[in-house]
Amino acid sequence: MRFRPPRAAAVLDELSHCNKCGFCLPACPTYLATGDEYLSPRGRLSLAEAAVAGEMPVGEELARTFALCLGCRACESACPSGVRYGRVYEAVRATLFETTRRYTAPPAARALLALVRRRGRFARAVAAGRRLGWLLPPAARAVLGAAPPDPGPPTAPAGTGEPAQYFLGCVGEVVTGSANRAAVALLARAGYGVGVPDGQGCCGALHAHAGDLEAARDLARANVAAFEGTSGPVVNHAGGCGAFLKEYGHLLADDPAWRERAAAFAGRVRDLAEALAGAPRPLRWRGRGDRVALQNSCHLVHVQRIGELPGRLLAEVPEDRLVPWEGGDRCCGSAGLYSLLEPEMAARVAARSLEGLYRAKPTVLVVNNPGCALQWRKTLKQAGWDLPVRSLSEHLLARLASDGPESGP
Ligand code: SF4
Ligand code: SF4
């Protein structure tokens, strides 16, 4: 199998801007963890170039190098020439997936990707996994063991103000649903009337990163249709999902029936931090003297490019102190299915971040992506550090001042 012409052209177009300067290397978590050029953005781009030129097969070596890529896209922010590594990553993973699914998605991962397509079925599987955890592979057991024990009731509409629609996600709602419920409660307090449209599902990012673009497009079409006929921003609280929702226009650009509908949907997508920053009713906060460390979602920082907003919100909370730390904007090793498929490298990446976190001496760690919440709970548990990990929404809801007209329901 060779690269198909549109994918080969996409790769070559991006590579034509790459001057091999290497400025992206210090931004890459897998390069930092290994010092291996072939686990750096420049190395991966070189291999993609060789594969497109037919100088190396679309096979095991290419698959392994890209399987170890977190897809965090920190290299894009670091690149002075504007190389969109994410486009190359997408083309390579999709070509590998079409060549032989084994390269990007082993059987267990394929089963998981099939499960998350239907939230009800996924929720039943997670419940069974909690009961029969000993049957799961160690990496999956560790991730599930780090999840909150009770998923609670489904997230429901709330509030009566300016319309906004909430996007639930799959893992976000089933495994860490309390973050969604806190987000909807915050939006309602901030003056939004929040709807939760039926028919929405997984955003498709996990499928796209595994190379299964057709599954991702199916999920995208379902989500676009679910939110049509509603008004206001489409708000979500998962940096990775939000980044992918904002790229639906690109994902469905070659589908004439859906191109414009997808672009219109993508234009409505807002992260929770964006929605709160532009809320109809300003919120007031009351801190508790905490030292707050923020683990920003890498896709919020490097794809959505709004990484400053969560920190700005946290810095508004009086009496708490937002503490900077080395690793706060770097991938924690979660990266979709990565921590399940590549637990050894995920642990090496997490270990580097943990060092930075120790030095910052926080009393709470705030995250804005469900995968990061699970990865950090697991990492801290294994390190024997009982640092609380909270979603941004849960943390801010707990910091709402109860007095003053602005904070009323
Ligand atoms: S991707 Fe950008 S930063 Fe990295 S080597 Fe190429 S031009 Fe330099
Ligand atoms: S996406 Fe992340 S892990 Fe992959 S090459 Fe870029 S910086 Fe490295």
# chains A, B, ... in the order shown; residues from 1 in each chain; ligands from 1

call {"tool": "residues_around", "arguments": {"residues": "stretch 244-251 of chain A", "least_positions_apart": "4", "cutoff": "9 Å", "atoms": "only C-alpha atoms", "output": "number ranges by chain"}}
result
A: 203-205, 213, 216-217, 220-221, 224, 239-240, 255, 258-270, 299, 303-304

call {"tool": "residues_around", "arguments": {"residues": "stretch 334-340 of chain A", "least_positions_apart": "3", "cutoff": "8 Å", "atoms": "only C-alpha atoms", "output": "list in words"}}
result
Leu70, Gly71, Cys72, Ala109, Ala139, Ala140, Val143, Leu206, Cys331, Pro343, Ala346, Ala347, Gly371, Cys372, Leu374 and Gln375 of chain A

call {"tool": "closest_residue", "arguments": {"among": "A:Asn180, A:Thr34, A:Ser353, A:Thr99", "to": "A:Asn236", "atoms": "only C-alpha atoms"}}
result
A:Asn180

call {"tool": "residues_near_ligand", "arguments": {"ligand": "ligand 2", "cutoff": "9 Å", "atoms": "only C-alpha atoms and all ligand atoms", "output": "PyMOL selection string"}}
result
chain A and resi 24-32+39-45+66+68-78+85-86+89+298+330-331

call {"tool": "residues_around", "arguments": {"residues": "A:Ala67", "least_positions_apart": "3", "cutoff": "7 Å", "atoms": "only C-alpha atoms", "output": "number ranges by chain"}}
result
A: 63-64, 104

call {"tool": "closest_atom_pairs", "arguments": {"of": "chain A", "to": "ligand 1", "cutoff": "6 Å", "atoms": "only C-alpha atoms and all ligand atoms", "output": "tab-separated table"}}
result
residue	atom	partner	partner_atom_place_in_ligand_line	distance
A:Cys18	CA	ligand 1	7 (S)	3.7
A:Asn19	CA	ligand 1	7 (S)	4.6
A:Lys20	CA	ligand 1	5 (S)	3.6
A:Cys21	CA	ligand 1	8 (Fe)	3.9
A:Gly22	CA	ligand 1	5 (S)	3.9
A:Phe23	CA	ligand 1	3 (S)	4.1
A:Cys24	CA	ligand 1	3 (S)	4.1
A:Arg42	CA	ligand 1	5 (S)	4.8
A:Cys79	CA	ligand 1	3 (S)	3.7
A:Pro80	CA	ligand 1	2 (Fe)	5.8
A:Ser81	CA	ligand 1	7 (S)	5.1
A:Val83	CA	ligand 1	1 (S)	5.3

call {"tool": "write_last_selection", "arguments": {"atoms": "N, CA and C atoms", "output": "mmCIF file, in the first residue's frame"}}
result
data_model
loop_
_atom_site.group_PDB
_atom_site.id
_atom_site.type_symbol
_atom_site.label_atom_id
_atom_site.label_comp_id
_atom_site.auth_asym_id
_atom_site.auth_seq_id
_atom_site.Cartn_x
_atom_site.Cartn_y
_atom_site.Cartn_z
ATOM 1 N N CYS A 18 9.120 22.449 6.033
ATOM 2 C CA CYS A 18 10.033 22.022 7.109
ATOM 3 C C CYS A 18 11.483 22.167 6.657
ATOM 4 N N ASN A 19 12.239 22.980 7.405
ATOM 5 C CA ASN A 19 13.657 23.169 7.050
ATOM 6 C C ASN A 19 14.576 22.356 7.961
ATOM 7 N N LYS A 20 13.976 21.419 8.696
ATOM 8 C CA LYS A 20 14.747 20.492 9.548
ATOM 9 C C LYS A 20 15.538 21.209 10.644
ATOM 10 N N CYS A 21 15.033 22.370 11.083
ATOM 11 C CA CYS A 21 15.773 23.174 12.071
ATOM 12 C C CYS A 21 15.832 22.511 13.448
ATOM 13 N N GLY A 22 14.820 21.701 13.776
ATOM 14 C CA GLY A 22 14.834 21.000 15.058
ATOM 15 C C GLY A 22 14.292 21.804 16.232
ATOM 16 N N PHE A 23 13.728 22.992 15.972
ATOM 17 C CA PHE A 23 13.165 23.774 17.084
ATOM 18 C C PHE A 23 12.030 23.026 17.779
ATOM 19 N N CYS A 24 11.421 22.080 17.065
ATOM 20 C CA CYS A 24 10.300 21.339 17.652
ATOM 21 C C CYS A 24 10.766 20.268 18.642
ATOM 22 N N ARG A 42 10.739 15.931 14.059
ATOM 23 C CA ARG A 42 11.558 15.985 12.839
ATOM 24 C C ARG A 42 11.823 14.577 12.316
ATOM 25 N N CYS A 79 6.950 25.181 16.153
ATOM 26 C CA CYS A 79 7.557 25.276 14.814
ATOM 27 C C CYS A 79 7.506 26.704 14.263
ATOM 28 N N PRO A 80 8.659 27.303 13.962
ATOM 29 C CA PRO A 80 8.650 28.673 13.435
ATOM 30 C C PRO A 80 8.196 28.745 11.976
ATOM 31 N N SER A 81 8.147 27.592 11.301
ATOM 32 C CA SER A 81 7.785 27.595 9.877
ATOM 33 C C SER A 81 6.324 27.230 9.637
ATOM 34 N N VAL A 83 4.699 24.388 10.198
ATOM 35 C CA VAL A 83 4.397 23.029 9.733
ATOM 36 C C VAL A 83 3.250 22.471 10.573
#

call {"tool": "residues_around", "arguments": {"residues": "A:Trp385", "least_positions_apart": "6", "cutoff": "10 Å", "atoms": "only C-alpha atoms", "output": "list of chain:residue names"}}
result
A:Tyr358, A:Arg377, A:Thr379

call {"tool": "residues_around", "arguments": {"residues": "stretch 117-134 of chain A", "least_positions_apart": "4", "cutoff": "9 Å", "atoms": "only C-alpha atoms", "output": "MDAnalysis selection string"}}
result
chainID A and resid 112:113 138 140:141 144:145 149 169:171 173:175 201:204 215 219

call {"tool": "select_by_dssp", "arguments": {"residues": "stretch 298-374 of chain A", "states": "alpha helix (DSSP H)", "output": "JSON, numbers by chain"}}
result
{"A": [298, 299, 300, 301, 302, 308, 309, 310, 311, 312, 313, 314, 315, 338, 339, 340, 341, 343, 344, 345, 346, 347, 348, 349, 350, 351, 352, 353, 354, 355, 356, 357, 358, 359, 360, 370, 371, 372, 373, 374]}

call {"tool": "write_last_selection", "arguments": {"atoms": "N, CA and C atoms", "output": "compact mmCIF listing (two decimals), in the first residue's frame"}}
result
# COMPACT_ATOMS: atom_id res chain seq x y z
N CYS A 298 -3.34 19.41 26.23
CA CYS A 298 -2.42 19.85 25.16
C CYS A 298 -3.19 20.29 23.92
N HIS A 299 -4.34 19.68 23.67
CA HIS A 299 -5.10 20.11 22.48
C HIS A 299 -5.80 21.46 22.71
N LEU A 300 -6.06 21.79 23.96
CA LEU A 300 -6.58 23.13 24.26
C LEU A 300 -5.50 24.18 23.95
N VAL A 301 -4.26 23.82 24.28
CA VAL A 301 -3.13 24.75 24.10
C VAL A 301 -2.69 24.80 22.65
N HIS A 302 -2.44 23.63 22.05
CA HIS A 302 -1.76 23.61 20.75
C HIS A 302 -2.69 23.52 19.55
N GLU A 308 -4.42 30.02 27.55
CA GLU A 308 -4.30 31.04 28.61
C GLU A 308 -5.62 31.21 29.38
N LEU A 309 -6.74 30.79 28.79
CA LEU A 309 -8.04 31.08 29.41
C LEU A 309 -8.28 30.36 30.74
N PRO A 310 -8.03 29.04 30.84
CA PRO A 310 -8.27 28.40 32.14
C PRO A 310 -7.45 29.02 33.26
N GLY A 311 -6.18 29.33 32.96
CA GLY A 311 -5.32 29.95 33.98
C GLY A 311 -5.84 31.32 34.39
N ARG A 312 -6.38 32.04 33.42
CA ARG A 312 -6.92 33.37 33.74
C ARG A 312 -8.11 33.24 34.70
N LEU A 313 -8.95 32.24 34.45
CA LEU A 313 -10.10 32.02 35.35
C LEU A 313 -9.62 31.66 36.76
N LEU A 314 -8.65 30.75 36.81
CA LEU A 314 -8.16 30.32 38.13
C LEU A 314 -7.48 31.46 38.87
N ALA A 315 -6.80 32.34 38.11
CA ALA A 315 -6.10 33.45 38.75
C ALA A 315 -7.08 34.49 39.30
N TYR A 338 -3.62 6.21 24.22
CA TYR A 338 -2.16 6.01 24.32
C TYR A 338 -1.75 5.33 25.62
N SER A 339 -2.31 5.79 26.75
CA SER A 339 -1.86 5.23 28.03
C SER A 339 -2.26 3.76 28.16
N LEU A 340 -3.27 3.33 27.38
CA LEU A 340 -3.64 1.91 27.37
C LEU A 340 -2.76 1.11 26.41
N LEU A 341 -2.46 1.72 25.25
CA LEU A 341 -1.73 1.00 24.22
C LEU A 341 -0.22 1.04 24.43
N PRO A 343 1.61 1.82 27.57
CA PRO A 343 1.72 2.20 28.98
C PRO A 343 3.15 2.54 29.42
N GLU A 344 4.14 1.89 28.81
CA GLU A 344 5.52 2.14 29.25
C GLU A 344 5.96 3.55 28.89
N MET A 345 5.73 3.96 27.65
CA MET A 345 6.13 5.32 27.25
C MET A 345 5.24 6.36 27.95
N ALA A 346 3.95 6.04 28.12
CA ALA A 346 3.06 6.98 28.83
C ALA A 346 3.58 7.22 30.24
N ALA A 347 4.07 6.17 30.89
CA ALA A 347 4.60 6.31 32.26
C ALA A 347 5.89 7.14 32.26
N ARG A 348 6.72 6.97 31.23
CA ARG A 348 7.97 7.76 31.16
C ARG A 348 7.65 9.24 30.96
N VAL A 349 6.66 9.50 30.11
CA VAL A 349 6.25 10.89 29.86
C VAL A 349 5.66 11.49 31.15
N ALA A 350 4.83 10.70 31.83
CA ALA A 350 4.20 11.19 33.07
C ALA A 350 5.25 11.44 34.15
N ALA A 351 6.27 10.59 34.20
CA ALA A 351 7.30 10.73 35.24
C ALA A 351 8.01 12.07 35.13
N ARG A 352 8.26 12.53 33.91
CA ARG A 352 8.93 13.84 33.74
C ARG A 352 8.04 14.95 34.27
N SER A 353 6.73 14.85 33.96
CA SER A 353 5.82 15.88 34.45
C SER A 353 5.70 15.84 35.97
N LEU A 354 5.72 14.64 36.50
CA LEU A 354 5.60 14.49 37.96
C LEU A 354 6.73 15.22 38.68
N GLU A 355 7.93 15.17 38.11
CA GLU A 355 9.07 15.88 38.73
C GLU A 355 8.77 17.37 38.83
N GLY A 356 8.23 17.94 37.74
CA GLY A 356 7.91 19.36 37.74
C GLY A 356 6.81 19.68 38.75
N LEU A 357 5.86 18.76 38.86
CA LEU A 357 4.75 18.99 39.79
C LEU A 357 5.23 18.95 41.24
N TYR A 358 6.12 18.03 41.54
CA TYR A 358 6.68 17.96 42.91
C TYR A 358 7.30 19.30 43.28
N ARG A 359 8.07 19.86 42.34
CA ARG A 359 8.79 21.10 42.65
C ARG A 359 7.83 22.25 42.92
N ALA A 360 6.64 22.23 42.31
CA ALA A 360 5.69 23.34 42.47
C ALA A 360 4.93 23.27 43.80
N PRO A 370 -10.90 14.76 30.38
CA PRO A 370 -11.14 13.56 31.19
C PRO A 370 -9.96 12.60 31.19
N GLY A 371 -9.30 12.44 30.05
CA GLY A 371 -8.14 11.54 29.98
C GLY A 371 -7.04 11.99 30.92
N CYS A 372 -6.81 13.31 30.99
CA CYS A 372 -5.76 13.83 31.89
C CYS A 372 -6.14 13.54 33.33
N ALA A 373 -7.43 13.65 33.66
CA ALA A 373 -7.87 13.38 35.03
C ALA A 373 -7.53 11.93 35.40
N LEU A 374 -7.84 11.00 34.49
CA LEU A 374 -7.57 9.58 34.78
C LEU A 374 -6.07 9.32 34.86

call {"tool": "atom_distance", "arguments": {"atom1": "atom CA of A:Thr155", "atom2": "atom CA of A:Gly199"}}
result
13.9 Å
